[in-house]
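Enquirer: Here it is, the structure in full.
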Amino acid sequence: MSTGRLPEHEQRILDEMELVLRQDRQLAARLWILRLGPRVRATLANRPHPFTVAFFAAVSCTLLFIGIRTSSPGIVWAFALVWSLTLAGFVRVLCRWTEP
């Protein structure tokens with residue numbers, strides 16, 4: 001992969017460095033986020049508060065029991081939406097708690 005501008009040993013060192021950087025998943029994720037627009041980056045950086053996740057979990061449980069009792073499609077879809085938001089928020093909070 002020599003470009004002709006670097007000596008062979010320097011090009012080999014550069015190729016090895018590039019190989020190591022390509023294998024770094026955390027760096028790849030950060031670079032992927034940098035390629036996104038500023039609004040998307042701000043949204044991804046926004047982390048939910050644990051009380052918000054607990055509130056969504058309570059609403060999800062309420063909708064689950066109401067959906068079981070009534071079998072209303074609207075309630076079931078509302079439960080599906082709120083439950084997916086609850087799970088996503090829980091995963092984000094859990095990831096924040098387990099960061100080194």
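In the structure tokens, chains take letters A, B, ... by order of appearance, with residues numbered from 1 within each chain and ligands from 1 in the order shown.
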Need to verify the contact set: Val91 in chain A, 12 Å, only C-alpha atoms, exclusion of same-chain residues closer than 6 positions in sequence. Can you return it as a ChimeraX atom specification?
Expert: /A:47-50,53,84-85,97-98
Enquirer: Only C-alpha atoms, please: the residues just picked out, written as a PDB file, in the first residue's frame.
Expert:
ATOM      1  CA  ARG A  47     -29.265  10.560  28.514  1.00  0.00           C
ATOM      2  CA  PRO A  48     -32.532   9.883  30.336  1.00  0.00           C
ATOM      3  CA  HIS A  49     -32.848  10.348  34.065  1.00  0.00           C
ATOM      4  CA  PRO A  50     -33.528   7.188  36.094  1.00  0.00           C
ATOM      5  CA  VAL A  53     -37.330   5.657  33.084  1.00  0.00           C
ATOM      6  CA  SER A  84     -40.008   0.341  23.713  1.00  0.00           C
ATOM      7  CA  LEU A  85     -39.117   3.813  25.026  1.00  0.00           C
ATOM      8  CA  TRP A  97     -24.049   3.220  35.417  1.00  0.00           C
ATOM      9  CA  THR A  98     -21.632   0.581  34.134  1.00  0.00           C
TER      10      THR A  98
END
Enquirer: With only C-alpha atoms as the counted atoms, please give the residues lying no more than 8 Å from range 73-83 of chain A, apart from itself and same-chain residues fewer than 4 positions off, as JSON, numbers by chain.
Expert: {"A": [56, 57, 59, 60, 63, 64, 66, 67, 87]}
Enquirer: Quick one: pull the distance between CA of Cys95 in chain A and CA of Ala28 in chain A, Å, one decimal.
Expert: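 Interatomic distance, CA of Cys95 in chain A to CA of Ala28 in chain A: 17.9 Å.
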Enquirer: What gap, in Å, lies between CA of Phe51 in chain A and CA of Phe90 in chain A?
Expert: 10.4 Å
Enquirer: Quick check, in Å to one decimal: how far apart do CA of Gln26 in chain A and CA of Glu99 in chain A lie?
Expert: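 A separation of 12.6 Å between them.
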Enquirer: Can you list every residue in chain A that DSSP puts in helix (DSSP H, G or I), as a PyMOL selection string?
Expert: chain A and resi 8-23+25-35+38-45+50-70+73-98
